[in-house]
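Taking it in order: structure first as structure tokens, then the write-up.
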Amino acid sequence: MPGHTENEITVAAPLDLVWDITNDIENWPSLFTEYASVEILERRGETTTFRLTMHPDDNGTVWSWVSERTTDREGRSVRARRVETGPFQHMDIHWEYSEVPGGTRMHWTQDFAMKPDAPVDDDWMTDNINRNSKIQMALIRDKIEQRDRESRAAGVTAN
């Protein structure tokens, strides 16, 4: 059965800041701990095609793939899909942002299926994505909230 994950977190920072930081693909290697590098391959309007490369896994394997990502700032959402699917039959991602009391809620949905010859099955990957999304979202929240605090402190100091 295909995999489906949904994870969310509230970031105590303005939506514009959360949007800008999380959609700055070139800086993902400093935002996400799992990515070693990103290479922008093409930009067409709000759509970016890029290659992500991960840090080596426990076996020393370096995973890399090409994704296409389309942002809709007005609609506060992002849709992405893997172009080079690797072990996935498909991988579709949807990020939603909303203003909530105390900050910005980020909601990430991933729908995917593993290929029959993939080294892991849909259930394993669902558990892996759920576990890792929670870790990455918490790290991203902490980085954005720190940047927001520093920005506010600098604004107060400058006045």
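Chain lettering (A, B, ...) mirrors the order of the structure tokens, residue numbering begins at 1 for each chain separately, and ligand numbering begins at 1 in order of display.
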Near-range 152-154 of chain A list (12 Å; only C-alpha atoms; drop same-chain fewer than 5 positions) as a list in words
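Near range 152-154 of chain A, the qualifying residues are Ala13, Pro14, Glu145, Gln146, Arg147 and Asn159 of chain A.
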Output file for the residues above (all heavy atoms, as a compact mmCIF listing (two decimals), in the first residue's frame):
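Result file follows (result35.txt):
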```
# COMPACT_ATOMS: atom_id res chain seq x y z
N ALA A 13 7.33 32.51 14.90
CA ALA A 13 7.92 33.53 14.03
C ALA A 13 6.88 33.90 12.97
O ALA A 13 5.97 33.11 12.68
CB ALA A 13 9.19 33.01 13.38
N PRO A 14 7.03 35.09 12.37
CA PRO A 14 6.08 35.52 11.35
C PRO A 14 6.11 34.61 10.11
O PRO A 14 7.15 34.07 9.74
CB PRO A 14 6.56 36.93 10.98
CG PRO A 14 7.47 37.36 12.07
CD PRO A 14 8.04 36.11 12.66
N GLU A 145 13.35 30.45 14.80
CA GLU A 145 13.06 31.23 16.00
C GLU A 145 14.29 31.97 16.49
O GLU A 145 14.19 33.13 16.92
CB GLU A 145 12.48 30.31 17.09
CG GLU A 145 11.07 29.85 16.76
CD GLU A 145 10.50 28.88 17.78
OE1 GLU A 145 11.21 28.48 18.73
OE2 GLU A 145 9.30 28.53 17.63
N GLN A 146 15.45 31.36 16.39
CA GLN A 146 16.70 32.05 16.77
C GLN A 146 16.95 33.24 15.85
O GLN A 146 17.29 34.33 16.32
CB GLN A 146 17.88 31.07 16.71
CG GLN A 146 19.22 31.71 17.03
CD GLN A 146 19.33 32.21 18.46
OE1 GLN A 146 18.71 31.64 19.36
NE2 GLN A 146 20.07 33.27 18.67
N ARG A 147 16.76 33.04 14.55
CA ARG A 147 16.95 34.15 13.61
C ARG A 147 15.96 35.26 13.89
O ARG A 147 16.30 36.44 13.83
CB ARG A 147 16.81 33.65 12.18
CG ARG A 147 16.97 34.79 11.20
CD ARG A 147 17.78 34.64 9.97
NE ARG A 147 18.36 33.41 9.58
CZ ARG A 147 18.29 32.90 8.35
NH1 ARG A 147 17.60 33.54 7.42
NH2 ARG A 147 18.89 31.79 8.06
N ASN A 159 17.44 51.12 17.13
CA ASN A 159 16.56 52.28 17.36
C ASN A 159 17.00 53.13 18.51
O ASN A 159 17.55 52.98 19.42
CB ASN A 159 15.13 51.82 17.60
CG ASN A 159 14.53 51.26 16.33
OD1 ASN A 159 14.92 51.65 15.25
ND2 ASN A 159 13.62 50.31 16.46
```
Run DSSP on the backbone and give me the residues of range 25-102 of chain A it puts in helix (DSSP H, G or I), as a ChimeraX atom specification.
/A:25-31
Output of the above residues as a PDB file, in the first residue's frame, restricted to all heavy atoms:
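Output saved as selection_22.pdb:
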```
ATOM      1  N   ILE A  25      15.943  27.402  -1.239  1.00  0.00           N
ATOM      2  CA  ILE A  25      16.498  26.080  -1.538  1.00  0.00           C
ATOM      3  C   ILE A  25      18.025  26.072  -1.469  1.00  0.00           C
ATOM      4  O   ILE A  25      18.618  25.118  -0.969  1.00  0.00           O
ATOM      5  CB  ILE A  25      16.005  25.584  -2.918  1.00  0.00           C
ATOM      6  CG1 ILE A  25      14.483  25.439  -2.923  1.00  0.00           C
ATOM      7  CG2 ILE A  25      16.673  24.270  -3.303  1.00  0.00           C
ATOM      8  CD1 ILE A  25      13.893  25.187  -4.300  1.00  0.00           C
ATOM      9  N   GLU A  26      18.656  27.125  -1.971  1.00  0.00           N
ATOM     10  CA  GLU A  26      20.122  27.161  -1.971  1.00  0.00           C
ATOM     11  C   GLU A  26      20.715  27.005  -0.576  1.00  0.00           C
ATOM     12  O   GLU A  26      21.831  26.516  -0.428  1.00  0.00           O
ATOM     13  CB  GLU A  26      20.648  28.466  -2.598  1.00  0.00           C
ATOM     14  CG  GLU A  26      20.453  28.572  -4.092  1.00  0.00           C
ATOM     15  CD  GLU A  26      19.122  29.182  -4.501  1.00  0.00           C
ATOM     16  OE1 GLU A  26      18.184  29.265  -3.666  1.00  0.00           O
ATOM     17  OE2 GLU A  26      19.003  29.583  -5.671  1.00  0.00           O
ATOM     18  N   ASN A  27      19.971  27.412   0.449  1.00  0.00           N
ATOM     19  CA  ASN A  27      20.471  27.322   1.823  1.00  0.00           C
ATOM     20  C   ASN A  27      19.970  26.096   2.585  1.00  0.00           C
ATOM     21  O   ASN A  27      20.203  25.977   3.789  1.00  0.00           O
ATOM     22  CB  ASN A  27      20.131  28.603   2.588  1.00  0.00           C
ATOM     23  CG  ASN A  27      21.020  29.742   2.143  1.00  0.00           C
ATOM     24  OD1 ASN A  27      22.233  29.602   2.090  1.00  0.00           O
ATOM     25  ND2 ASN A  27      20.415  30.853   1.789  1.00  0.00           N
ATOM     26  N   TRP A  28      19.318  25.167   1.897  1.00  0.00           N
ATOM     27  CA  TRP A  28      18.845  23.969   2.577  1.00  0.00           C
ATOM     28  C   TRP A  28      19.954  23.175   3.271  1.00  0.00           C
ATOM     29  O   TRP A  28      19.708  22.624   4.335  1.00  0.00           O
ATOM     30  CB  TRP A  28      18.061  23.085   1.621  1.00  0.00           C
ATOM     31  CG  TRP A  28      16.624  23.507   1.457  1.00  0.00           C
ATOM     32  CD1 TRP A  28      16.018  24.638   1.942  1.00  0.00           C
ATOM     33  CD2 TRP A  28      15.617  22.800   0.764  1.00  0.00           C
ATOM     34  NE1 TRP A  28      14.705  24.670   1.579  1.00  0.00           N
ATOM     35  CE2 TRP A  28      14.424  23.555   0.851  1.00  0.00           C
ATOM     36  CE3 TRP A  28      15.604  21.604   0.060  1.00  0.00           C
ATOM     37  CZ2 TRP A  28      13.234  23.134   0.271  1.00  0.00           C
ATOM     38  CZ3 TRP A  28      14.422  21.193  -0.523  1.00  0.00           C
ATOM     39  CH2 TRP A  28      13.247  21.937  -0.418  1.00  0.00           C
ATOM     40  N   PRO A  29      21.166  23.092   2.713  1.00  0.00           N
ATOM     41  CA  PRO A  29      22.202  22.338   3.439  1.00  0.00           C
ATOM     42  C   PRO A  29      22.516  22.915   4.826  1.00  0.00           C
ATOM     43  O   PRO A  29      22.955  22.173   5.701  1.00  0.00           O
ATOM     44  CB  PRO A  29      23.417  22.416   2.516  1.00  0.00           C
ATOM     45  CG  PRO A  29      22.811  22.544   1.144  1.00  0.00           C
ATOM     46  CD  PRO A  29      21.612  23.450   1.364  1.00  0.00           C
ATOM     47  N   SER A  30      22.261  24.193   5.049  1.00  0.00           N
ATOM     48  CA  SER A  30      22.475  24.747   6.389  1.00  0.00           C
ATOM     49  C   SER A  30      21.182  24.726   7.216  1.00  0.00           C
ATOM     50  O   SER A  30      21.224  24.904   8.426  1.00  0.00           O
ATOM     51  CB  SER A  30      23.029  26.175   6.318  1.00  0.00           C
ATOM     52  OG  SER A  30      22.115  27.034   5.687  1.00  0.00           O
ATOM     53  N   LEU A  31      20.056  24.469   6.583  1.00  0.00           N
ATOM     54  CA  LEU A  31      18.775  24.407   7.283  1.00  0.00           C
ATOM     55  C   LEU A  31      18.432  22.971   7.700  1.00  0.00           C
ATOM     56  O   LEU A  31      18.017  22.728   8.825  1.00  0.00           O
ATOM     57  CB  LEU A  31      17.666  24.981   6.401  1.00  0.00           C
ATOM     58  CG  LEU A  31      16.291  25.146   7.025  1.00  0.00           C
ATOM     59  CD1 LEU A  31      16.330  26.127   8.193  1.00  0.00           C
ATOM     60  CD2 LEU A  31      15.283  25.613   5.970  1.00  0.00           C
TER      61      LEU A  31
END
```
Skipping near chain neighbours, those fewer than 2 positions away, what residues fall within 12 Å of range 35-44 of chain A using only C-alpha atoms, listed as a count of residues only?
34
Counting only C-alpha atoms, figure out which residue out of A:Gln110, A:Glu34, A:Thr22, A:Pro116 gets nearest to Asn132 in chain A.
A:Glu34
Surrounding residues of Ala12 in chain A excluding itself and chain neighbours under 4 positions, 9 Å, only C-alpha atoms, as a short mmCIF file (atom, residue, chain, number, x, y, z; two decimals) with all heavy atoms, in the first residue's frame:
```cif
data_model
loop_
_atom_site.label_atom_id
_atom_site.label_comp_id
_atom_site.auth_asym_id
_atom_site.auth_seq_id
_atom_site.Cartn_x
_atom_site.Cartn_y
_atom_site.Cartn_z
N PRO A 101 -2.23 31.32 16.29
CA PRO A 101 -1.80 32.01 17.51
C PRO A 101 -0.40 31.53 17.91
O PRO A 101 -0.15 30.33 17.97
CB PRO A 101 -2.85 31.60 18.55
CG PRO A 101 -4.07 31.29 17.73
CD PRO A 101 -3.53 30.68 16.46
N GLY A 102 0.49 32.45 18.10
CA GLY A 102 1.85 32.09 18.49
C GLY A 102 2.83 31.92 17.35
O GLY A 102 4.00 31.62 17.58
N GLY A 103 2.37 32.08 16.10
CA GLY A 103 3.34 31.98 15.01
C GLY A 103 2.79 31.43 13.72
O GLY A 103 1.70 31.78 13.28
N THR A 104 3.56 30.51 13.14
CA THR A 104 3.26 29.95 11.83
C THR A 104 3.25 28.43 11.92
O THR A 104 4.20 27.84 12.44
CB THR A 104 4.33 30.39 10.80
OG1 THR A 104 4.36 31.82 10.76
CG2 THR A 104 4.03 29.84 9.42
N ARG A 105 2.20 27.84 11.42
CA ARG A 105 2.14 26.37 11.37
C ARG A 105 2.63 25.91 10.01
O ARG A 105 2.19 26.40 8.98
CB ARG A 105 0.71 25.88 11.59
CG ARG A 105 0.61 24.34 11.57
CD ARG A 105 -0.82 23.90 11.81
NE ARG A 105 -1.65 24.30 10.69
CZ ARG A 105 -2.13 23.45 9.77
NH1 ARG A 105 -1.87 22.17 9.84
NH2 ARG A 105 -2.89 23.90 8.80
N ARG A 141 12.51 24.77 13.12
CA ARG A 141 11.82 25.69 14.04
C ARG A 141 12.83 26.43 14.90
O ARG A 141 12.77 27.66 15.03
CB ARG A 141 10.86 24.90 14.93
CG ARG A 141 10.16 25.78 15.98
CD ARG A 141 9.61 24.98 17.14
NE ARG A 141 10.70 24.28 17.80
CZ ARG A 141 10.58 23.09 18.39
NH1 ARG A 141 9.42 22.47 18.43
NH2 ARG A 141 11.61 22.52 18.97
N ILE A 144 14.85 29.04 12.87
CA ILE A 144 14.04 30.21 12.48
C ILE A 144 13.73 31.08 13.70
O ILE A 144 13.84 32.31 13.63
CB ILE A 144 12.75 29.78 11.76
CG1 ILE A 144 13.09 29.13 10.42
CG2 ILE A 144 11.82 30.98 11.55
CD1 ILE A 144 11.90 28.50 9.71
N GLU A 145 13.35 30.45 14.80
CA GLU A 145 13.06 31.23 16.00
C GLU A 145 14.29 31.97 16.49
O GLU A 145 14.19 33.13 16.92
CB GLU A 145 12.48 30.31 17.09
CG GLU A 145 11.07 29.85 16.76
CD GLU A 145 10.50 28.88 17.78
OE1 GLU A 145 11.21 28.48 18.73
OE2 GLU A 145 9.30 28.53 17.63
N ASP A 148 14.72 34.92 14.22
CA ASP A 148 13.71 35.93 14.53
C ASP A 148 14.10 36.71 15.78
O ASP A 148 14.01 37.94 15.81
CB ASP A 148 12.35 35.26 14.70
CG ASP A 148 11.22 36.28 14.86
OD1 ASP A 148 11.16 37.24 14.07
OD2 ASP A 148 10.41 36.10 15.79
#
```
For Arg149 in chain A, which residue among A:Glu6, A:Leu17, A:Ile135, A:His94 is the nearest when counting only C-alpha atoms?
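Using only C-alpha atoms, Arg149 in chain A sits closest to A:Leu17.
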Which residues come within 9 Å of Pro119 in chain A, counting only C-alpha atoms, excluding same-chain residues fewer than 4 positions away, as a list in words?
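Residues meeting the cut-off are Pro87, Met114 and Lys115 of chain A.
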Considering only C-alpha atoms, state which residue in the set A:Asn7, A:Asp111, A:Asp123, A:Ile129 is at the smallest distance from Arg81 in chain A.
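So, comparing all the options, the nearest one is A:Asp111.
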Quick one: distance from CA of Phe112 in chain A to CA of Ser98 in chain A in Å, one decimal?
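Spanning CA of Phe112 in chain A to CA of Ser98 in chain A is a straight-line distance of 24.1 Å.
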So what do you get for CA of Thr126 in chain A versus CA of Arg76 in chain A, distance-wise?
25.0 Å
Length of the CA of Val120 in chain A to CA of Thr5 in chain A vector [Å]
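Atom-to-atom, CA of Val120 in chain A to CA of Thr5 in chain A, that is 16.1 Å.
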